[in-house]
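As provided, upload-v3.txt (compact mmCIF, C-alpha atoms (C1' of nucleotides)) reads as follows.
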```txt
# COMPACT_ATOMS: atom_id res chain seq x y z
CA MET A 1 139.87 44.44 134.23
CA SER A 2 137.02 44.51 136.68
CA VAL A 3 133.72 43.10 135.68
CA GLY A 4 131.23 44.58 138.06
CA ILE A 5 129.05 43.72 140.93
CA CYS A 6 127.54 40.48 139.72
CA VAL A 7 130.88 38.97 139.06
CA GLU A 8 130.43 35.76 137.12
CA PRO A 9 129.78 35.62 133.43
CA PRO A 10 126.67 33.64 132.64
CA ALA A 11 127.43 29.94 132.77
CA GLN A 12 126.54 28.14 129.60
CA HIS A 13 125.22 24.70 128.71
CA GLY A 14 122.32 24.71 131.09
CA PRO A 15 118.95 23.24 130.26
CA VAL A 16 117.12 25.89 128.22
CA PRO A 17 117.91 29.17 126.51
CA ARG A 18 114.85 30.97 127.84
CA THR A 19 113.27 32.04 131.10
CA HIS A 20 110.61 34.30 132.55
CA PHE A 21 110.79 36.83 135.37
CA ALA A 22 107.53 37.34 137.20
CA VAL A 23 107.34 41.02 138.10
CA ARG A 24 104.65 43.65 138.39
CA GLY A 25 105.12 47.32 137.61
CA TYR A 26 107.81 46.96 135.00
CA ASP A 27 107.66 48.98 131.79
CA LEU A 28 110.34 47.28 129.73
CA ALA A 29 110.23 49.70 126.81
CA ALA A 30 110.47 52.79 129.01
CA THR A 31 113.31 51.23 130.96
CA LEU A 32 115.41 50.14 128.00
CA ASP A 33 114.69 53.27 125.97
CA SER A 34 115.10 55.99 128.59
CA GLY A 35 118.70 56.96 127.91
CA GLN A 36 120.40 54.89 130.62
CA ALA A 37 121.65 52.14 128.30
CA PHE A 38 122.48 52.50 124.64
CA ARG A 39 122.59 49.01 123.20
CA TRP A 40 118.95 47.91 123.05
CA ARG A 41 117.26 47.61 119.69
CA ALA A 42 113.48 47.39 119.36
CA GLY A 43 112.11 44.64 117.12
CA PRO A 44 109.00 44.90 114.97
CA ASP A 45 107.22 42.54 117.37
CA GLY A 46 107.85 44.71 120.41
CA SER A 47 110.80 42.66 121.64
CA TRP A 48 114.15 44.15 122.62
CA THR A 49 117.51 42.75 121.61
CA GLY A 50 120.78 43.59 123.29
CA VAL A 51 124.00 42.26 124.77
CA VAL A 52 124.46 41.98 128.54
CA ARG A 53 127.70 40.76 130.06
CA GLY A 54 128.79 39.47 126.68
CA CYS A 55 125.58 37.52 126.21
CA TRP A 56 123.04 38.06 123.44
CA VAL A 57 119.59 38.56 124.97
CA ARG A 58 116.08 39.12 123.64
CA LEU A 59 113.49 40.47 126.07
CA ARG A 60 109.75 40.68 125.81
CA GLN A 61 107.11 42.27 127.99
CA THR A 62 104.51 39.71 129.05
CA SER A 63 101.24 40.00 130.91
CA ASP A 64 102.89 39.10 134.20
CA GLY A 65 106.55 39.97 133.75
CA ILE A 66 109.44 39.77 131.34
CA GLY A 67 110.36 36.90 129.06
CA ALA A 68 114.00 36.41 128.12
CA GLU A 69 115.78 34.25 125.59
CA ALA A 70 119.48 33.75 124.99
CA ALA A 71 121.50 32.36 122.12
CA LEU A 72 122.74 29.37 124.09
CA PRO A 73 121.31 27.34 126.97
CA LEU A 74 122.29 28.90 130.29
CA ARG A 75 122.67 27.42 133.72
CA HIS A 76 121.33 30.46 135.52
CA TRP A 77 119.87 33.90 134.92
CA HIS A 78 120.63 35.90 138.03
CA TRP A 79 123.02 38.12 136.09
CA LEU A 80 120.06 39.22 133.97
CA ALA A 81 117.71 39.53 136.94
CA ASP A 82 120.34 41.76 138.52
CA TYR A 83 120.75 43.85 135.36
CA LEU A 84 117.00 44.33 135.04
CA GLN A 85 116.54 44.85 138.79
CA VAL A 86 113.39 42.75 138.73
CA ALA A 87 113.61 42.13 142.49
CA VAL A 88 113.25 45.82 143.31
CA ASP A 89 109.92 46.74 144.89
CA LEU A 90 109.06 49.69 142.68
CA ASP A 91 106.10 50.83 144.73
CA ALA A 92 108.28 50.99 147.82
CA VAL A 93 110.69 53.24 145.93
CA LEU A 94 107.94 55.47 144.60
CA ALA A 95 106.46 55.74 148.09
CA THR A 96 109.58 57.62 149.22
CA PHE A 97 109.09 60.36 146.60
CA PRO A 98 107.93 63.79 147.79
CA PRO A 99 104.29 64.32 146.79
CA ASP A 100 104.82 67.33 144.55
CA PRO A 101 102.67 67.74 141.41
CA PRO A 102 105.40 67.52 138.76
CA LEU A 103 106.85 64.31 140.13
CA ARG A 104 103.40 62.82 140.62
CA ALA A 105 102.60 63.59 137.00
CA ALA A 106 105.86 62.01 135.87
CA VAL A 107 105.18 58.85 137.88
CA ARG A 108 101.65 58.63 136.55
CA ALA A 109 102.87 58.98 132.98
CA CYS A 110 105.92 56.72 133.24
CA TYR A 111 104.92 54.15 135.87
CA GLY A 112 107.00 51.00 135.49
CA LEU A 113 110.17 52.83 134.50
CA ARG A 114 113.09 51.22 136.33
CA LEU A 115 116.74 51.86 136.90
CA LEU A 116 118.99 49.17 135.43
CA ARG A 117 122.13 47.86 137.10
CA GLN A 118 124.69 48.06 134.33
CA GLU A 119 128.28 46.92 134.03
CA PRO A 120 130.50 49.68 135.44
CA TRP A 121 133.07 49.82 132.65
CA GLU A 122 130.51 49.83 129.85
CA CYS A 123 128.47 52.48 131.64
CA LEU A 124 131.50 54.66 132.30
CA ALA A 125 132.77 54.42 128.74
CA SER A 126 129.33 54.99 127.23
CA PHE A 127 128.69 58.12 129.24
CA ILE A 128 132.12 59.54 128.45
CA LEU A 129 130.85 59.35 124.87
CA SER A 130 127.54 60.99 125.77
CA SER A 131 128.58 64.58 126.39
CA THR A 132 126.69 67.04 124.16
CA LYS A 133 125.33 64.17 122.11
CA ARG A 134 121.75 63.16 121.53
CA ILE A 135 120.75 59.71 122.65
CA GLY A 136 120.38 58.46 119.09
CA HIS A 137 123.92 59.57 118.28
CA ILE A 138 125.30 57.97 121.40
CA ARG A 139 123.71 54.68 120.35
CA GLN A 140 125.29 55.04 116.94
CA ILE A 141 128.77 55.70 118.32
CA VAL A 142 128.54 52.86 120.83
CA GLU A 143 127.34 50.48 118.14
CA ARG A 144 130.27 51.30 115.87
CA LEU A 145 132.65 50.91 118.79
CA CYS A 146 131.27 47.46 119.58
CA GLU A 147 131.20 46.31 115.94
CA ARG A 148 134.79 47.28 115.39
CA PHE A 149 136.42 46.39 118.69
CA GLY A 150 134.06 44.13 120.63
CA GLU A 151 134.26 40.35 120.64
CA PRO A 152 131.61 38.64 118.52
CA VAL A 153 129.05 36.82 120.66
CA ALA A 154 126.87 33.85 119.81
CA VAL A 155 123.48 34.69 118.32
CA PRO A 156 120.56 32.43 117.39
CA PRO A 157 120.42 31.25 113.77
CA GLY A 158 119.29 34.00 111.42
CA GLU A 159 119.95 36.86 113.81
CA ARG A 160 122.22 39.73 112.92
CA PRO A 161 125.75 39.56 114.36
CA ALA A 162 126.24 40.92 117.86
CA TYR A 163 129.29 42.03 119.78
CA ALA A 164 130.30 42.43 123.39
CA PHE A 165 131.16 45.90 124.60
CA PRO A 166 134.92 46.23 124.06
CA THR A 167 137.03 45.73 127.15
CA ALA A 168 139.14 48.52 128.57
CA GLU A 169 142.21 46.53 127.59
CA ARG A 170 141.13 46.42 123.96
CA ILE A 171 140.42 50.13 123.81
CA ALA A 172 143.63 50.96 125.65
CA ARG A 173 145.61 49.39 122.81
CA LEU A 174 143.95 51.62 120.18
CA ASN A 175 144.82 55.18 119.30
CA ALA A 176 142.71 58.31 119.25
CA ARG A 177 142.40 58.22 115.49
CA ALA A 178 140.81 54.77 115.46
CA LEU A 179 138.39 55.89 118.14
CA ARG A 180 137.58 59.12 116.35
CA ALA A 181 136.65 57.06 113.31
CA CYS A 182 133.69 55.78 115.34
CA GLY A 183 132.34 59.33 115.34
CA MET A 184 133.14 60.30 118.90
CA GLY A 185 135.06 63.48 118.05
CA PHE A 186 136.82 65.28 120.89
CA ARG A 187 135.78 62.54 123.33
CA ALA A 188 138.29 60.09 121.82
CA PRO A 189 141.31 61.07 123.96
CA TYR A 190 139.08 61.04 127.06
CA LEU A 191 137.94 57.49 126.42
CA LEU A 192 141.45 56.36 125.51
CA GLU A 193 143.09 57.69 128.66
CA THR A 194 140.30 56.36 130.88
CA ALA A 195 140.58 52.94 129.24
CA ARG A 196 144.33 52.94 129.92
CA ARG A 197 143.82 53.69 133.59
CA VAL A 198 141.20 50.97 133.92
CA ALA A 199 143.23 48.45 131.92
CA ASP A 200 146.39 48.83 133.98
CA GLY A 201 144.54 48.85 137.28
CA ARG A 202 145.04 52.49 138.24
CA PHE A 203 141.27 52.83 138.23
CA ASP A 204 138.68 50.21 139.14
CA PRO A 205 135.14 51.47 138.55
CA ALA A 206 133.50 48.47 140.23
CA ALA A 207 135.48 49.03 143.43
CA LEU A 208 133.79 52.41 143.92
CA SER A 209 130.68 50.74 145.28
CA ALA A 210 132.60 50.18 148.51
CA LEU A 211 133.01 53.94 148.98
CA GLY A 212 130.56 56.61 150.07
CA LEU A 213 128.75 58.68 147.47
CA GLU A 214 130.96 61.75 147.74
CA ALA A 215 134.22 59.82 147.70
CA ALA A 216 133.12 57.68 144.77
CA ARG A 217 132.03 60.75 142.82
CA ALA A 218 135.34 62.50 143.53
CA ARG A 219 137.27 59.49 142.27
CA LEU A 220 135.26 59.38 139.04
CA CYS A 221 135.79 63.09 138.49
CA GLU A 222 139.54 62.51 138.43
CA LEU A 223 139.09 60.79 135.08
CA PRO A 224 139.48 62.87 131.93
CA GLY A 225 136.13 63.71 130.38
CA VAL A 226 134.25 62.89 133.56
CA GLY A 227 132.59 65.67 135.54
CA ALA A 228 129.77 65.66 138.05
CA LYS A 229 127.06 64.78 135.56
CA ILE A 230 128.75 61.77 133.97
CA ALA A 231 130.02 60.64 137.37
CA ASP A 232 126.45 60.65 138.67
CA CYS A 233 125.28 58.60 135.69
CA VAL A 234 127.82 55.89 136.50
CA LEU A 235 127.05 56.03 140.20
CA LEU A 236 123.32 55.71 139.54
CA PHE A 237 123.13 53.39 136.54
CA ALA A 238 125.95 50.99 137.39
CA LEU A 239 126.98 51.25 141.03
CA GLY A 240 123.68 51.47 142.86
CA PHE A 241 124.04 54.92 144.41
CA GLU A 242 120.39 55.86 144.32
CA ARG A 243 120.94 59.36 145.68
CA ALA A 244 123.16 60.23 142.71
CA PHE A 245 121.29 62.74 140.56
CA PRO A 246 122.58 63.42 137.05
CA LEU A 247 121.78 67.06 136.23
CA ASP A 248 121.75 67.17 132.45
CA VAL A 249 120.12 69.76 130.20
CA TRP A 250 116.77 67.93 130.19
CA VAL A 251 116.52 67.55 133.93
CA GLN A 252 117.63 71.15 134.48
CA ARG A 253 114.94 72.24 132.05
CA ALA A 254 112.37 70.15 133.92
CA LEU A 255 113.39 71.55 137.28
CA ARG A 256 113.39 75.16 136.09
CA GLU A 257 110.04 74.93 134.33
CA TRP A 258 108.20 72.86 136.92
CA TYR A 259 109.75 73.78 140.24
CA PHE A 260 111.12 77.31 139.68
CA PRO A 261 109.03 78.87 136.90
CA ARG A 262 110.05 82.39 135.90
CA GLN A 263 112.94 82.45 138.35
CA ARG A 264 116.64 82.82 137.87
CA VAL A 265 118.11 79.74 139.53
CA ARG A 266 121.79 79.05 139.33
CA PRO A 267 123.14 75.53 138.82
CA ALA A 268 124.48 75.40 142.36
CA ALA A 269 121.02 76.19 143.71
CA LEU A 270 119.49 73.44 141.60
CA ARG A 271 122.10 71.04 142.93
CA ALA A 272 121.31 72.00 146.50
CA PHE A 273 117.58 71.59 145.84
CA VAL A 274 117.75 68.09 144.39
CA GLU A 275 120.02 66.87 147.16
CA THR A 276 117.46 67.67 149.80
CA HIS A 277 114.10 67.52 148.05
CA PHE A 278 113.88 64.10 146.43
CA GLY A 279 114.91 61.81 149.25
CA PRO A 280 116.85 58.55 149.45
CA HIS A 281 115.94 57.44 145.90
CA ALA A 282 116.51 60.84 144.31
CA GLY A 283 118.18 59.25 141.31
CA TYR A 284 115.03 57.27 140.61
CA ALA A 285 112.99 60.47 140.72
CA GLN A 286 115.50 62.05 138.37
CA GLN A 287 114.92 59.27 135.83
CA TYR A 288 111.17 59.82 135.95
CA LEU A 289 111.58 63.57 135.44
CA PHE A 290 114.05 62.97 132.62
CA HIS A 291 111.88 60.47 130.78
CA PHE A 292 108.71 62.49 131.32
CA MET A 293 110.35 65.65 130.01
CA ARG A 294 111.77 63.86 126.98
CA THR A 295 108.73 61.86 125.98
CA GLY A 296 105.78 63.71 127.36
CA ALA A 297 105.23 67.14 128.80
CA GLY A 298 108.32 68.94 127.66
CA ARG A 299 108.69 67.63 124.15
CA ALA A 300 108.51 69.80 121.04
CA SER A 301 109.35 72.76 123.26
CA GLY A 302 105.78 72.43 124.50
CA ARG A 303 105.09 74.71 127.37
CA ALA A 304 104.26 72.62 130.35
CA PRO A 305 104.33 75.08 133.20
CA CYS A 306 103.08 72.66 135.77
CA PRO A 307 102.19 69.11 134.84
CA GLY A 308 99.85 67.64 137.35
CA GLY A 309 97.87 70.76 138.01
CA ALA A 310 98.19 73.67 140.40
CA ARG A 311 101.00 73.79 142.86
C1' DG B 1 122.95 77.73 107.07
C1' DT B 2 121.66 77.45 112.08
C1' DC B 3 120.77 75.19 116.26
C1' DC B 4 121.45 71.78 119.65
C1' DA B 5 122.69 67.59 122.03
C1' DG B 6 121.98 62.94 129.16
C1' DG B 7 129.39 68.08 129.32
C1' DA B 8 133.94 68.95 130.49
C1' DG B 9 138.23 71.72 130.60
C1' DC B 10 140.32 75.98 130.78
C1' DC B 11 140.83 80.72 131.54
C1' DA B 12 139.41 85.38 132.89
C1' DT B 13 137.06 87.87 136.44
C1' DA C 1 132.89 80.48 143.08
C1' DT C 2 131.20 81.95 138.57
C1' DG C 3 130.63 82.95 133.62
C1' DG C 4 132.23 82.46 128.83
C1' DC C 5 134.56 79.97 125.21
C1' DT C 6 135.95 75.85 122.79
C1' DC C 7 136.05 71.13 121.66
C1' DA C 8 133.73 67.26 117.05
C1' DT C 9 129.81 65.37 115.01
C1' DG C 10 125.33 64.64 112.96
C1' DG C 11 120.39 65.24 112.61
C1' DA C 12 116.45 68.34 112.58
```
In structure tokens, how does this file's structure come out?
Amino acid sequence: MSVGICVEPPAQHGPVPRTHFAVRGYDLAATLDSGQAFRWRAGPDGSWTGVVRGCWVRLRQTSDGIGAEAALPLRHWHWLADYLQVAVDLDAVLATFPPDPPLRAAVRACYGLRLLRQEPWECLASFILSSTKRIGHIRQIVERLCERFGEPVAVPPGERPAYAFPTAERIARLNARALRACGMGFRAPYLLETARRVADGRFDPAALSALGLEAARARLCELPGVGAKIADCVLLFALGFERAFPLDVWVQRALREWYFPRQRVRPAALRAFVETHFGPHAGYAQQYLFHFMRTGAGRASGRAPCPGGAR
DNA sequence: GTCCAGGAGCCAT
DNA sequence: ATGGCTCATGGA
């Protein structure tokens, strides 16, 4: 199966199992807990534990960046720097946003939120499991899937066991009943068939990065259980298509309340709007609107007609 | 009990 | 093209 853009697994037996990335404007908690990835667990000390490319990782926000530790000494960390996108100049991205009040309010409230660069297969499989599920439930399903079918990975002494995300080959050998037992319901046959296509080479998610946005989206939509929204999540969160704009219920709610209050806007009109309004990093703007709506202005069905003031 | 969730597929207009 | 219905599951 394909492994993604940063191709090598982390080489082991290097000097030390920890490192530090110097980076400004990085809100680690917002980034790891904003519904793009589903495997990060918050510790009581504010650290975050997860598995990236089959490697146990603990991350910590520091005064001048992000600290990382692994279970084993590693020779290099660029796979993690790539995943976290620490080299991205966030301010340069934000400078391309249109200066409208709702987006400004979202950026002010969520500054430091980043897009991750995830592994294509894990991202694709996870978002097939995401449809009409809350983020907490998605985490739960993914965790069960990894515990049951993922390879155990090395963890530091005393840590709870951790597992790699199961490969497409592993899932392709299962049946829908075993998958359903993870709690994924009607999504089981979707994941199974997609895993089969990836495992036998009919579909290579990582290869889509060589295509244009429209062609890559069309290819993803050929997969069972993948429509425009899930396709855009994979394009944005794993393949680096920063114009991809997942239009889920939260973002649609944000757009209707903040950009088209008291109007009847059809989904096609929303689609047309986001494709022209938000610019070359529209997907980044989408993530700010999504996180802002979920955590701030729009929560508890709070009426937030126009965050950021008059329009 | 009722509602809803980072939707998609299918069928009737 | 567009709107409605159904799919399975769990938490509020």
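Among the candidates A:Trp250, A:Trp48, A:Tyr190, A:Trp56, the one nearest to DG9 in chain B when counting only C-alpha atoms (C1' of nucleotides) is A:Tyr190.
Omitting DC7 in chain C and its sequence neighbours fewer than 5 positions away, and counting all atoms listed in the file, the residues within 12 Å are Ser131, Thr132, Met184, Gly185, Phe186, Arg187, Ala188, Pro189, Tyr190 and Gly225 of chain A; DG7, DA8, DG9 and DC10 of chain B.
CA of Cys233 in chain A lies 11.3 Å from CA of Leu116 in chain A.
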Check: which chain A residues lie within 10 Å of chain B using all atoms listed in the file, as an mmCIF file with C-alpha atoms, in the frame of the given file:
```
data_model
loop_
_atom_site.group_PDB
_atom_site.id
_atom_site.type_symbol
_atom_site.label_atom_id
_atom_site.label_comp_id
_atom_site.auth_asym_id
_atom_site.auth_seq_id
_atom_site.Cartn_x
_atom_site.Cartn_y
_atom_site.Cartn_z
ATOM 1 C CA SER A 34 115.100 55.990 128.590
ATOM 2 C CA GLY A 35 118.700 56.960 127.910
ATOM 3 C CA GLN A 36 120.400 54.890 130.620
ATOM 4 C CA PHE A 127 128.690 58.120 129.240
ATOM 5 C CA ILE A 128 132.120 59.540 128.450
ATOM 6 C CA LEU A 129 130.850 59.350 124.870
ATOM 7 C CA SER A 130 127.540 60.990 125.770
ATOM 8 C CA SER A 131 128.580 64.580 126.390
ATOM 9 C CA THR A 132 126.690 67.040 124.160
ATOM 10 C CA LYS A 133 125.330 64.170 122.110
ATOM 11 C CA ARG A 134 121.750 63.160 121.530
ATOM 12 C CA ILE A 135 120.750 59.710 122.650
ATOM 13 C CA GLY A 136 120.380 58.460 119.090
ATOM 14 C CA HIS A 137 123.920 59.570 118.280
ATOM 15 C CA ILE A 138 125.300 57.970 121.400
ATOM 16 C CA ARG A 187 135.780 62.540 123.330
ATOM 17 C CA PRO A 224 139.480 62.870 131.930
ATOM 18 C CA GLY A 225 136.130 63.710 130.380
ATOM 19 C CA VAL A 226 134.250 62.890 133.560
ATOM 20 C CA GLY A 227 132.590 65.670 135.540
ATOM 21 C CA ALA A 228 129.770 65.660 138.050
ATOM 22 C CA LYS A 229 127.060 64.780 135.560
ATOM 23 C CA ILE A 230 128.750 61.770 133.970
ATOM 24 C CA CYS A 233 125.280 58.600 135.690
ATOM 25 C CA PRO A 246 122.580 63.420 137.050
ATOM 26 C CA LEU A 247 121.780 67.060 136.230
ATOM 27 C CA ASP A 248 121.750 67.170 132.450
ATOM 28 C CA VAL A 249 120.120 69.760 130.200
ATOM 29 C CA TRP A 250 116.770 67.930 130.190
ATOM 30 C CA VAL A 251 116.520 67.550 133.930
ATOM 31 C CA PHE A 290 114.050 62.970 132.620
#
```
9 Å contact set for Val198 in chain A, all atoms listed in the file, chain neighbours under 3 positions out, as a ChimeraX atom specification: /A:1-2,121,168-169,172,193-195,201-205
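When the distance limit is 12 Å and only C-alpha atoms (C1' of nucleotides) are what count, the residues near DA1 in chain C, minus those fewer than 2 positions from it on the same chain, are A:Arg266, A:Pro267, A:Ala268, B:DT13, C:DG3.
Between CA of Gly240 in chain A and CA of Pro17 in chain A there is a distance of 28.2 Å.
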Give one line per residue of chain C that approaches chain A to at most 10 Å, naming the two atoms of the closest pair and their distance in Å to one decimal, counting only C-alpha atoms (C1' of nucleotides); sort by chain then ascending residue number and deliver it as a Markdown table.
```
| residue | atom | partner | partner_atom | distance |
| --- | --- | --- | --- | --- |
| C:DA1 | C1' | A:Ala268 | CA | 9.9 |
| C:DT2 | C1' | A:Arg266 | CA | 9.9 |
| C:DC7 | C1' | A:Phe186 | CA | 6.0 |
| C:DA8 | C1' | A:Gly185 | CA | 4.1 |
| C:DT9 | C1' | A:Gly185 | CA | 6.4 |
| C:DG10 | C1' | A:His137 | CA | 7.5 |
| C:DG11 | C1' | A:His137 | CA | 8.8 |
```
Go ahead and fit an axis-aligned box to every listed atom of range 89-105 of chain A plus 5 Å each side, and pass me the centre and edge lengths in Å, one decimal, as JSON.
```
{"center_x": 106.6, "center_y": 57.2, "center_z": 143.1, "size_x": 18.1, "size_y": 31.0, "size_z": 22.2}
```
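Reported to one decimal place, the separation of CA of Leu192 in chain A from CA of Leu179 in chain A is 8.0 Å.
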task: With a distance cut-off of 12 Å and only C-alpha atoms (C1' of nucleotides), select the neighbouring residues of Leu94 in chain A, excluding the residue or stretch itself and same-chain residues fewer than 6 positions from it, and output the selection as an MDAnalysis selection string.
output: chainID A and resid 25 88 103:104 106:108 110:114 278:288
For range 100-109 of chain A, supply all heavy atoms and format the output as a CSV table (one decimal), keeping the file's coordinate frame.
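What follows is the written file part17.csv:
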```
chain,number,residue,atom,x,y,z
A,100,ASP,N,105.0,66.1,145.3
A,100,ASP,CA,104.8,67.3,144.6
A,100,ASP,C,104.2,67.0,143.2
A,100,ASP,O,104.4,66.0,142.6
A,100,ASP,CB,106.1,68.1,144.4
A,100,ASP,CG,107.2,67.4,143.6
A,100,ASP,OD1,107.0,67.2,142.4
A,100,ASP,OD2,108.2,66.9,144.2
A,101,PRO,N,103.4,68.0,142.7
A,101,PRO,CA,102.7,67.7,141.4
A,101,PRO,C,103.5,67.3,140.2
A,101,PRO,O,103.1,66.4,139.5
A,101,PRO,CB,102.0,69.1,141.2
A,101,PRO,CG,101.8,69.7,142.5
A,101,PRO,CD,103.1,69.3,143.3
A,102,PRO,N,104.6,68.0,139.9
A,102,PRO,CA,105.4,67.5,138.8
A,102,PRO,C,105.9,66.1,138.8
A,102,PRO,O,105.7,65.3,137.9
A,102,PRO,CB,106.6,68.5,138.7
A,102,PRO,CG,106.2,69.7,139.5
A,102,PRO,CD,105.3,69.1,140.6
A,103,LEU,N,106.4,65.7,140.0
A,103,LEU,CA,106.8,64.3,140.1
A,103,LEU,C,105.7,63.3,140.1
A,103,LEU,O,105.8,62.2,139.5
A,103,LEU,CB,107.6,64.2,141.4
A,103,LEU,CG,108.4,62.8,141.6
A,103,LEU,CD1,109.3,62.5,140.4
A,103,LEU,CD2,109.2,62.9,142.9
A,104,ARG,N,104.6,63.7,140.7
A,104,ARG,CA,103.4,62.8,140.6
A,104,ARG,C,103.0,62.6,139.2
A,104,ARG,O,102.6,61.5,138.7
A,104,ARG,CB,102.2,63.4,141.4
A,104,ARG,CG,102.3,63.2,142.9
A,104,ARG,CD,101.0,63.7,143.6
A,104,ARG,NE,101.1,63.5,145.0
A,104,ARG,CZ,100.8,62.3,145.6
A,104,ARG,NH1,100.5,61.2,144.9
A,104,ARG,NH2,100.8,62.2,146.9
A,105,ALA,N,103.0,63.7,138.4
A,105,ALA,CA,102.6,63.6,137.0
A,105,ALA,C,103.6,62.7,136.2
A,105,ALA,O,103.2,61.9,135.4
A,105,ALA,CB,102.6,65.0,136.4
A,106,ALA,N,104.9,62.8,136.6
A,106,ALA,CA,105.9,62.0,135.9
A,106,ALA,C,105.7,60.5,136.2
A,106,ALA,O,105.8,59.7,135.3
A,106,ALA,CB,107.3,62.5,136.3
A,107,VAL,N,105.4,60.2,137.5
A,107,VAL,CA,105.2,58.8,137.9
A,107,VAL,C,103.9,58.3,137.2
A,107,VAL,O,103.9,57.1,136.8
A,107,VAL,CB,105.1,58.7,139.4
A,107,VAL,CG1,104.6,57.4,139.8
A,107,VAL,CG2,106.5,59.0,140.0
A,108,ARG,N,102.9,59.1,137.2
A,108,ARG,CA,101.6,58.6,136.6
A,108,ARG,C,101.9,58.3,135.1
A,108,ARG,O,101.4,57.3,134.5
A,108,ARG,CB,100.6,59.7,136.7
A,108,ARG,CG,99.2,59.2,136.4
A,108,ARG,CD,98.1,60.3,136.7
A,108,ARG,NE,98.5,61.2,137.7
A,108,ARG,CZ,98.5,62.5,137.6
A,108,ARG,NH1,98.3,63.0,136.4
A,108,ARG,NH2,98.9,63.2,138.6
A,109,ALA,N,102.6,59.2,134.4
A,109,ALA,CA,102.9,59.0,133.0
A,109,ALA,C,103.9,57.9,132.7
A,109,ALA,O,103.8,57.2,131.6
A,109,ALA,CB,103.4,60.3,132.4
```
